[in-house]
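Shown below: structure.cif, with mmCIF, C-alpha atoms.
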```cif
data_upload
loop_
_atom_site.label_atom_id
_atom_site.label_comp_id
_atom_site.auth_asym_id
_atom_site.auth_seq_id
_atom_site.Cartn_x
_atom_site.Cartn_y
_atom_site.Cartn_z
CA MET A 17 34.94 -108.71 -123.71
CA ASP A 18 36.74 -105.73 -122.20
CA LEU A 19 40.12 -106.98 -121.14
CA SER A 20 41.71 -103.59 -120.64
CA THR A 21 41.61 -103.96 -116.87
CA VAL A 22 43.87 -107.03 -116.95
CA ILE A 23 45.79 -106.85 -120.25
CA ASP A 24 47.88 -103.89 -121.32
CA LYS A 25 50.20 -103.61 -124.30
CA ASN A 26 52.93 -102.41 -121.97
CA ARG A 27 52.85 -105.84 -120.39
CA ILE A 28 53.18 -107.75 -123.66
CA ASN A 29 56.60 -108.56 -125.08
CA LEU A 30 56.70 -110.67 -128.23
CA ALA A 31 60.48 -110.84 -128.40
CA VAL A 32 61.52 -112.10 -125.00
CA ASP A 33 65.23 -112.79 -125.03
CA ALA A 34 65.42 -115.72 -122.62
CA ASN A 35 67.24 -119.04 -122.61
CA ASN A 36 65.24 -120.63 -119.84
CA LYS A 37 62.19 -120.41 -117.61
CA GLU A 38 63.93 -118.37 -114.94
CA GLU A 39 65.04 -115.70 -117.39
CA ALA A 40 61.64 -115.58 -119.05
CA LEU A 41 59.79 -115.21 -115.74
CA ASN A 42 62.24 -112.52 -114.73
CA ILE A 43 61.46 -110.45 -117.83
CA LEU A 44 57.69 -110.92 -117.43
CA ILE A 45 57.76 -110.03 -113.75
CA ASP A 46 59.76 -106.88 -114.50
CA MET A 47 56.88 -105.73 -116.70
CA LEU A 48 54.48 -106.23 -113.76
CA VAL A 49 56.75 -104.18 -111.50
CA LYS A 50 57.10 -101.42 -114.06
CA SER A 51 53.33 -101.09 -114.53
CA GLY A 52 52.78 -101.03 -110.78
CA SER A 53 50.80 -104.30 -110.80
CA ILE A 54 53.02 -105.77 -108.11
CA VAL A 55 55.19 -104.21 -105.43
CA SER A 56 57.84 -106.74 -104.48
CA LYS A 57 59.47 -108.77 -107.22
CA GLU A 58 61.06 -111.10 -104.67
CA VAL A 59 57.79 -111.90 -102.92
CA PHE A 60 55.97 -112.47 -106.20
CA ILE A 61 58.65 -114.76 -107.63
CA LYS A 62 58.44 -116.86 -104.50
CA ASP A 63 54.66 -117.22 -104.84
CA VAL A 64 54.93 -118.07 -108.55
CA TYR A 65 57.44 -120.84 -107.84
CA LEU A 66 55.25 -122.08 -105.02
CA ARG A 67 52.56 -122.71 -107.62
CA GLU A 68 55.08 -124.14 -110.09
CA ALA A 69 56.00 -126.75 -107.47
CA GLU A 70 52.37 -127.90 -107.28
CA GLY A 71 52.12 -129.05 -110.88
CA LYS A 72 52.94 -128.37 -114.50
CA THR A 73 51.90 -124.99 -115.85
CA GLY A 74 52.89 -125.80 -119.42
CA ILE A 75 49.50 -126.76 -120.88
CA GLY A 76 50.85 -128.14 -124.16
CA GLY A 77 51.02 -126.65 -127.62
CA GLY A 78 53.87 -124.31 -126.64
CA ILE A 79 51.84 -122.39 -124.03
CA ALA A 80 52.55 -121.91 -120.34
CA ILE A 81 50.35 -120.26 -117.73
CA PRO A 82 52.42 -119.68 -114.60
CA HIS A 83 50.46 -117.89 -111.92
CA GLY A 84 50.94 -116.37 -108.54
CA LYS A 85 48.27 -115.43 -106.05
CA SER A 86 50.20 -113.09 -103.86
CA LYS A 87 49.97 -110.41 -101.19
CA THR A 88 52.30 -108.23 -103.22
CA VAL A 89 49.93 -107.99 -106.18
CA VAL A 90 48.25 -104.58 -106.19
CA GLN A 91 46.15 -105.10 -109.28
CA THR A 92 45.17 -108.47 -110.73
CA SER A 93 46.71 -108.51 -114.18
CA LEU A 94 48.54 -110.43 -116.86
CA ALA A 95 52.03 -110.22 -118.30
CA ILE A 96 52.43 -111.89 -121.66
CA GLY A 97 55.63 -112.90 -123.39
CA ARG A 98 56.70 -114.85 -126.43
CA THR A 99 60.28 -116.03 -126.32
CA LYS A 100 62.52 -115.67 -129.37
CA LYS A 101 63.19 -119.38 -129.22
CA PRO A 102 61.35 -122.24 -127.49
CA ILE A 103 62.52 -122.83 -123.92
CA PHE A 104 62.28 -125.75 -121.54
CA TRP A 105 59.19 -125.69 -119.32
CA GLU A 106 57.46 -128.45 -117.38
CA SER A 107 54.60 -129.17 -119.79
CA LEU A 108 51.75 -131.64 -120.16
CA ASP A 109 53.00 -132.64 -123.60
CA ASP A 110 56.70 -132.60 -122.57
CA GLU A 111 57.38 -130.09 -125.34
CA PRO A 112 59.16 -126.73 -125.00
CA VAL A 113 57.22 -123.51 -124.51
CA GLN A 114 57.31 -120.24 -126.42
CA PHE A 115 54.21 -118.32 -125.31
CA ILE A 116 53.91 -117.48 -121.63
CA ILE A 117 50.96 -115.88 -119.90
CA LEU A 118 51.80 -114.94 -116.35
CA PHE A 119 48.79 -114.42 -114.11
CA ALA A 120 49.29 -112.10 -111.16
CA VAL A 121 46.35 -112.40 -108.82
CA ARG A 122 45.64 -110.33 -105.74
CA ASP A 123 45.50 -112.38 -102.59
CA VAL A 124 42.18 -110.88 -101.57
CA ASP A 125 40.72 -110.90 -105.08
CA SER A 126 38.64 -114.00 -104.90
CA THR A 127 35.34 -112.87 -106.30
CA THR A 128 36.07 -109.91 -108.49
CA VAL A 129 35.43 -109.41 -112.14
CA HIS A 130 39.18 -109.53 -112.74
CA VAL A 131 39.58 -113.11 -111.65
CA ARG A 132 36.57 -114.00 -113.75
CA LEU A 133 38.28 -112.44 -116.77
CA LEU A 134 41.38 -114.51 -116.12
CA GLY A 135 39.26 -117.66 -116.17
CA GLU A 136 37.74 -116.63 -119.48
CA ILE A 137 41.16 -115.94 -120.95
CA ALA A 138 42.43 -119.31 -119.73
CA GLY A 139 39.41 -120.99 -121.31
CA LYS A 140 40.30 -119.51 -124.68
CA LEU A 141 43.58 -121.40 -124.59
CA ALA A 142 41.61 -124.60 -125.08
CA ASP A 143 41.08 -123.49 -128.69
CA GLU A 144 43.88 -124.66 -130.99
CA GLU A 145 43.18 -121.88 -133.49
CA ILE A 146 43.63 -119.23 -130.83
CA VAL A 147 46.86 -120.87 -129.71
CA GLU A 148 48.15 -120.83 -133.30
CA GLN A 149 47.22 -117.14 -133.65
CA LEU A 150 49.06 -116.30 -130.45
CA LEU A 151 52.19 -118.13 -131.52
CA THR A 152 52.29 -116.22 -134.81
CA SER A 153 50.99 -112.80 -133.72
CA LYS A 154 53.04 -109.87 -134.95
CA LYS A 155 52.34 -107.17 -132.38
CA ALA A 156 50.96 -106.61 -128.91
CA GLU A 157 47.68 -105.22 -130.26
CA ASP A 158 47.11 -108.50 -132.12
CA VAL A 159 47.37 -110.43 -128.88
CA ILE A 160 44.81 -108.18 -127.22
CA SER A 161 42.37 -108.56 -130.10
CA ILE A 162 42.82 -112.36 -130.16
CA PHE A 163 41.83 -112.55 -126.50
CA SER A 164 39.03 -110.03 -126.96
CA GLN A 165 37.18 -112.15 -129.52
CA ASP A 166 33.94 -113.56 -128.23
CA ASN A 167 33.49 -117.28 -128.67
CA MET B 6 26.65 -139.90 -124.65
CA ASN B 7 25.08 -137.53 -122.18
CA ILE B 8 27.92 -136.19 -120.09
CA VAL B 9 28.00 -133.97 -117.04
CA GLY B 10 31.08 -133.03 -115.12
CA ILE B 11 33.00 -130.74 -112.86
CA ALA B 12 36.34 -129.01 -113.39
CA ALA B 13 38.34 -127.77 -110.40
CA CYS B 14 42.05 -127.12 -109.98
CA THR B 15 44.27 -126.28 -107.02
CA SER B 16 44.32 -122.51 -107.30
CA GLY B 17 41.04 -122.25 -109.18
CA ILE B 18 42.33 -119.58 -111.52
CA ALA B 19 43.36 -121.07 -114.84
CA HIS B 20 43.49 -124.86 -115.25
CA THR B 21 39.85 -125.22 -114.16
CA TYR B 22 38.67 -123.16 -117.12
CA ILE B 23 41.00 -124.73 -119.66
CA ALA B 24 39.89 -128.20 -118.57
CA LYS B 25 36.25 -127.17 -118.90
CA GLU B 26 36.68 -125.75 -122.40
CA LYS B 27 38.75 -128.72 -123.55
CA LEU B 28 36.06 -131.15 -122.39
CA MET B 29 33.28 -129.04 -123.91
CA LYS B 30 35.04 -128.77 -127.27
CA ALA B 31 35.90 -132.49 -127.37
CA GLY B 32 32.36 -133.44 -126.35
CA GLN B 33 30.80 -131.26 -129.02
CA ALA B 34 33.26 -132.45 -131.68
CA LEU B 35 32.35 -136.06 -130.89
CA ASN B 36 28.62 -135.30 -130.89
CA HIS B 37 28.02 -135.82 -127.21
CA THR B 38 25.76 -133.70 -125.04
CA ILE B 39 27.98 -132.21 -122.40
CA HIS B 40 27.65 -129.87 -119.43
CA ILE B 41 30.63 -128.94 -117.28
CA GLU B 42 30.42 -127.02 -114.02
CA THR B 43 33.44 -125.07 -112.81
CA GLN B 44 34.38 -124.78 -109.17
CA GLY B 45 37.04 -122.08 -109.12
CA THR B 46 38.30 -119.36 -106.89
CA ILE B 47 35.29 -117.22 -107.83
CA GLY B 48 32.92 -120.01 -106.84
CA THR B 49 30.69 -122.34 -108.81
CA GLU B 50 29.67 -121.39 -112.35
CA ASN B 51 27.55 -123.20 -114.90
CA GLU B 52 26.08 -125.22 -112.07
CA LEU B 53 24.74 -128.55 -113.31
CA LEU B 54 20.99 -128.79 -113.55
CA PRO B 55 19.23 -131.73 -111.85
CA GLN B 56 17.70 -132.77 -115.19
CA ASP B 57 21.12 -132.83 -116.88
CA ILE B 58 22.50 -134.98 -114.09
CA ALA B 59 19.49 -137.27 -114.27
CA ALA B 60 19.98 -137.76 -118.02
CA ALA B 61 23.74 -138.28 -117.80
CA ASP B 62 25.35 -141.56 -118.81
CA VAL B 63 28.53 -140.56 -117.05
CA VAL B 64 29.90 -137.96 -114.64
CA ILE B 65 33.44 -136.75 -115.31
CA ILE B 66 35.14 -135.12 -112.36
CA ALA B 67 38.29 -133.43 -113.63
CA ALA B 68 39.75 -132.14 -110.40
CA ASP B 69 42.95 -131.74 -108.44
CA ILE B 70 41.05 -130.96 -105.25
CA LYS B 71 37.94 -132.28 -103.49
CA VAL B 72 34.86 -131.02 -105.30
CA GLY B 73 31.63 -129.89 -103.74
CA GLY B 74 28.24 -131.52 -104.25
CA ARG B 75 29.46 -134.98 -105.16
CA ASP B 76 26.33 -136.41 -103.51
CA ARG B 77 24.34 -135.12 -106.48
CA PHE B 78 25.73 -138.03 -108.49
CA ALA B 79 24.53 -140.89 -106.31
CA GLY B 80 24.02 -144.01 -108.42
CA LYS B 81 25.81 -142.53 -111.43
CA LYS B 82 28.90 -143.83 -113.16
CA ILE B 83 31.66 -141.43 -112.04
CA VAL B 84 35.05 -141.05 -113.73
CA ASP B 85 37.63 -139.26 -111.57
CA ILE B 86 40.62 -137.74 -113.32
CA PRO B 87 43.13 -134.96 -112.66
CA THR B 88 42.62 -131.77 -114.70
CA HIS B 89 45.73 -132.45 -116.79
CA ILE B 90 44.11 -135.48 -118.42
CA ALA B 91 41.19 -133.32 -119.55
CA ILE B 92 43.58 -130.66 -120.84
CA LYS B 93 46.01 -132.99 -122.56
CA SER B 94 43.81 -135.59 -124.22
CA PRO B 95 40.10 -134.83 -123.85
CA LYS B 96 38.98 -136.70 -126.97
CA ALA B 97 40.89 -139.86 -126.04
CA LEU B 98 39.35 -139.64 -122.58
CA LEU B 99 35.79 -139.44 -123.94
CA ASN B 100 36.41 -142.24 -126.44
CA LYS B 101 37.78 -144.48 -123.69
CA ILE B 102 34.80 -143.80 -121.44
CA GLN B 103 32.42 -144.49 -124.29
CA ALA B 104 34.16 -147.78 -125.08
CA GLU B 105 34.00 -148.80 -121.42
CA LEU B 106 30.31 -147.99 -121.17
CA GLY B 107 29.61 -149.73 -124.46
CA ILE B 108 27.19 -147.05 -125.67
#
```

Can you give me the file's structure in the form of structure tokens?
Amino acid sequence: MDLSTVIDKNRINLAVDANNKEEALNILIDMLVKSGSIVSKEVFIKDVYLREAEGKTGIGGGIAIPHGKSKTVVQTSLAIGRTKKPIFWESLDDEPVQFIILFAVRDVDSTTVHVRLLGEIAGKLADEEIVEQLLTSKKAEDVISIFSQDN
Amino acid sequence: MNIVGIAACTSGIAHTYIAKEKLMKAGQALNHTIHIETQGTIGTENELLPQDIAAADVVIIAADIKVGGRDRFAGKKIVDIPTHIAIKSPKALLNKIQAELGI
């Protein structure tokens, strides 16, 4: 699976220095701004929190998948972060989160290959082995190869 | 059991596909035959086949929104749950359904 259109090592940070969800999202969103994936940080944050208000994005096992479908997204892409220590996040298992995959989705991107890729990546998170690999990965390239494995 | 189902979440981007995979993995681990259709932002994928629906003992609708094509399941036992149940405890869900059906 070629994920290079949505995942880039410049948008993976395995040592996110954050004490809470707000700080973590801030760091992840900065990576999206820097890579030109989104234009307005303010608009995107608002759309991410809009989704957060609809239901828990912590899926259990230390993983969270916040996402924003937003007008300010230029290119549908992911920002990935692992926090140095577990942080509080509204989660299905009521446990803290350490691995965060932020989905930035173009508002008009409803049928493209990119959104399809995001679904495939999300589906991989159902696999406990993959989750364990993500939580213990050493470098950004490892994360990309974990997601690139075919089932 | 023969299981068919649908997964669909609010934004149709992520939870839909996690719920599907969780149900598929749990179903296979527990030796059930299982087919799950996804209704996401990119549309319907893995659309259920009429013969799979006909053979199904139960229909699991793991959805946070109204799903399309519910009329396909007329006369079938339908279990409606939110996606988070499928994501959080898929095996427990299948075991409970099996116990209720007594098969």

Please enumerate the residues selected by the PyMOL selection byres ((chain A) within 10 of (chain B)) when evaluated against the supplied file, formatted as a PyMOL selection string. chain A and resi 67+70-73+75-77+81-85+107-109+119+121+125-144

Expand the PyMOL selection byres ((chain A and resi 95) around 7) into the explicit residue set it covers here, and present it as a VMD selection string. chain A and resid 27 to 28 44 47 to 48 93 to 94 96 to 97 117 to 119

Name the residues that the PyMOL selection byres ((chain B and resi 60-68) around 10) pulls out of this structure, and write them as a PDB file with C-alpha atoms, in the frame of the given file.
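Output file selection25.pdb follows:
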```
ATOM      1  CA  MET B   6      26.650-139.900-124.650  1.00  0.00           C
ATOM      2  CA  ASN B   7      25.080-137.530-122.180  1.00  0.00           C
ATOM      3  CA  ILE B   8      27.920-136.190-120.090  1.00  0.00           C
ATOM      4  CA  VAL B   9      28.000-133.970-117.040  1.00  0.00           C
ATOM      5  CA  GLY B  10      31.080-133.030-115.120  1.00  0.00           C
ATOM      6  CA  ILE B  11      33.000-130.740-112.860  1.00  0.00           C
ATOM      7  CA  ALA B  12      36.340-129.010-113.390  1.00  0.00           C
ATOM      8  CA  ALA B  13      38.340-127.770-110.400  1.00  0.00           C
ATOM      9  CA  CYS B  14      42.050-127.120-109.980  1.00  0.00           C
ATOM     10  CA  THR B  15      44.270-126.280-107.020  1.00  0.00           C
ATOM     11  CA  HIS B  20      43.490-124.860-115.250  1.00  0.00           C
ATOM     12  CA  THR B  21      39.850-125.220-114.160  1.00  0.00           C
ATOM     13  CA  ALA B  24      39.890-128.200-118.570  1.00  0.00           C
ATOM     14  CA  LYS B  25      36.250-127.170-118.900  1.00  0.00           C
ATOM     15  CA  LEU B  28      36.060-131.150-122.390  1.00  0.00           C
ATOM     16  CA  THR B  38      25.760-133.700-125.040  1.00  0.00           C
ATOM     17  CA  ILE B  39      27.980-132.210-122.400  1.00  0.00           C
ATOM     18  CA  HIS B  40      27.650-129.870-119.430  1.00  0.00           C
ATOM     19  CA  ILE B  41      30.630-128.940-117.280  1.00  0.00           C
ATOM     20  CA  GLU B  42      30.420-127.020-114.020  1.00  0.00           C
ATOM     21  CA  THR B  43      33.440-125.070-112.810  1.00  0.00           C
ATOM     22  CA  GLN B  44      34.380-124.780-109.170  1.00  0.00           C
ATOM     23  CA  PRO B  55      19.230-131.730-111.850  1.00  0.00           C
ATOM     24  CA  GLN B  56      17.700-132.770-115.190  1.00  0.00           C
ATOM     25  CA  ASP B  57      21.120-132.830-116.880  1.00  0.00           C
ATOM     26  CA  ILE B  58      22.500-134.980-114.090  1.00  0.00           C
ATOM     27  CA  ALA B  59      19.490-137.270-114.270  1.00  0.00           C
ATOM     28  CA  ASP B  69      42.950-131.740-108.440  1.00  0.00           C
ATOM     29  CA  ILE B  70      41.050-130.960-105.250  1.00  0.00           C
ATOM     30  CA  LYS B  71      37.940-132.280-103.490  1.00  0.00           C
ATOM     31  CA  VAL B  72      34.860-131.020-105.300  1.00  0.00           C
ATOM     32  CA  ARG B  75      29.460-134.980-105.160  1.00  0.00           C
ATOM     33  CA  PHE B  78      25.730-138.030-108.490  1.00  0.00           C
ATOM     34  CA  LYS B  81      25.810-142.530-111.430  1.00  0.00           C
ATOM     35  CA  LYS B  82      28.900-143.830-113.160  1.00  0.00           C
ATOM     36  CA  ILE B  83      31.660-141.430-112.040  1.00  0.00           C
ATOM     37  CA  VAL B  84      35.050-141.050-113.730  1.00  0.00           C
ATOM     38  CA  ASP B  85      37.630-139.260-111.570  1.00  0.00           C
ATOM     39  CA  ILE B  86      40.620-137.740-113.320  1.00  0.00           C
ATOM     40  CA  PRO B  87      43.130-134.960-112.660  1.00  0.00           C
ATOM     41  CA  THR B  88      42.620-131.770-114.700  1.00  0.00           C
ATOM     42  CA  HIS B  89      45.730-132.450-116.790  1.00  0.00           C
ATOM     43  CA  ILE B  90      44.110-135.480-118.420  1.00  0.00           C
ATOM     44  CA  ALA B  91      41.190-133.320-119.550  1.00  0.00           C
ATOM     45  CA  ILE B  92      43.580-130.660-120.840  1.00  0.00           C
ATOM     46  CA  LEU B  98      39.350-139.640-122.580  1.00  0.00           C
ATOM     47  CA  LEU B  99      35.790-139.440-123.940  1.00  0.00           C
ATOM     48  CA  ILE B 102      34.800-143.800-121.440  1.00  0.00           C
ATOM     49  CA  GLN B 103      32.420-144.490-124.290  1.00  0.00           C
ATOM     50  CA  LEU B 106      30.310-147.990-121.170  1.00  0.00           C
ATOM     51  CA  ILE B 108      27.190-147.050-125.670  1.00  0.00           C
TER      52      ILE B 108
END
```

For atom CA of Asp123 of chain A and atom CA of Ser86 of chain A, determine how far apart the two atoms are, in Å to one decimal place.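 Result for atom CA of Asp123 of chain A versus atom CA of Ser86 of chain A: 4.9 Å, one decimal.
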
Take atom CA of Lys62 of chain A and atom CA of Val90 of chain A and report the distance between them in Å, one decimal.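 Atom-to-atom, atom CA of Lys62 of chain A to atom CA of Val90 of chain A, that is 16.0 Å.
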
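Taking atom CA of Ala97 of chain B and atom CA of Ile162 of chain A as the two end points, the separation is 27.9 Å.
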
Name all residues at most 7 Å from Val89 of chain A (count all atoms listed in the file; drop same-chain ones fewer than 5 positions away) and give them as a PyMOL selection string. chain A and resi 53-55+120-122

Around all the atoms of segment 33-51 of chain B listed in the file, draw an axis-aligned box and extend it by 4 Å on each of the six sides; I want its centre and edge lengths in Å to one decimal, as JSON.
```
{"center_x": 32.0, "center_y": -126.6, "center_z": -119.3, "size_x": 20.5, "size_y": 26.8, "size_z": 32.8}
```

Selection: 9 Å around Gln114 of chain A, all atoms listed in the file, excl. self and same-chain fewer than 3 positions, as a list of chain:residue names: A:Gly78, A:Ile79, A:Ala80, A:Gly97, A:Arg98, A:Thr99, A:Lys100, A:Lys101, A:Pro102, A:Ile103, A:Phe104, A:Leu151

Shortest contact to Asn36 of chain B, candidates B:Gly80, B:Leu54, B:Lys96, B:Thr49, atoms counted all atoms listed in the file, goes to B:Lys96

Within 9 Å of Asp46 of chain A, counting all atoms listed in the file, which residues show up once you throw out same-chain ones fewer than 5 positions away? Write them as an MDAnalysis selection string, please. chainID A and resid 41 51 57

Just the selected residues (C-alpha atoms), exported as a short mmCIF file (atom, residue, chain, number, x, y, z; two decimals), in the coordinates of the input, please.
```
data_model
loop_
_atom_site.label_atom_id
_atom_site.label_comp_id
_atom_site.auth_asym_id
_atom_site.auth_seq_id
_atom_site.Cartn_x
_atom_site.Cartn_y
_atom_site.Cartn_z
CA LEU A 41 59.79 -115.21 -115.74
CA SER A 51 53.33 -101.09 -114.53
CA LYS A 57 59.47 -108.77 -107.22
#
```
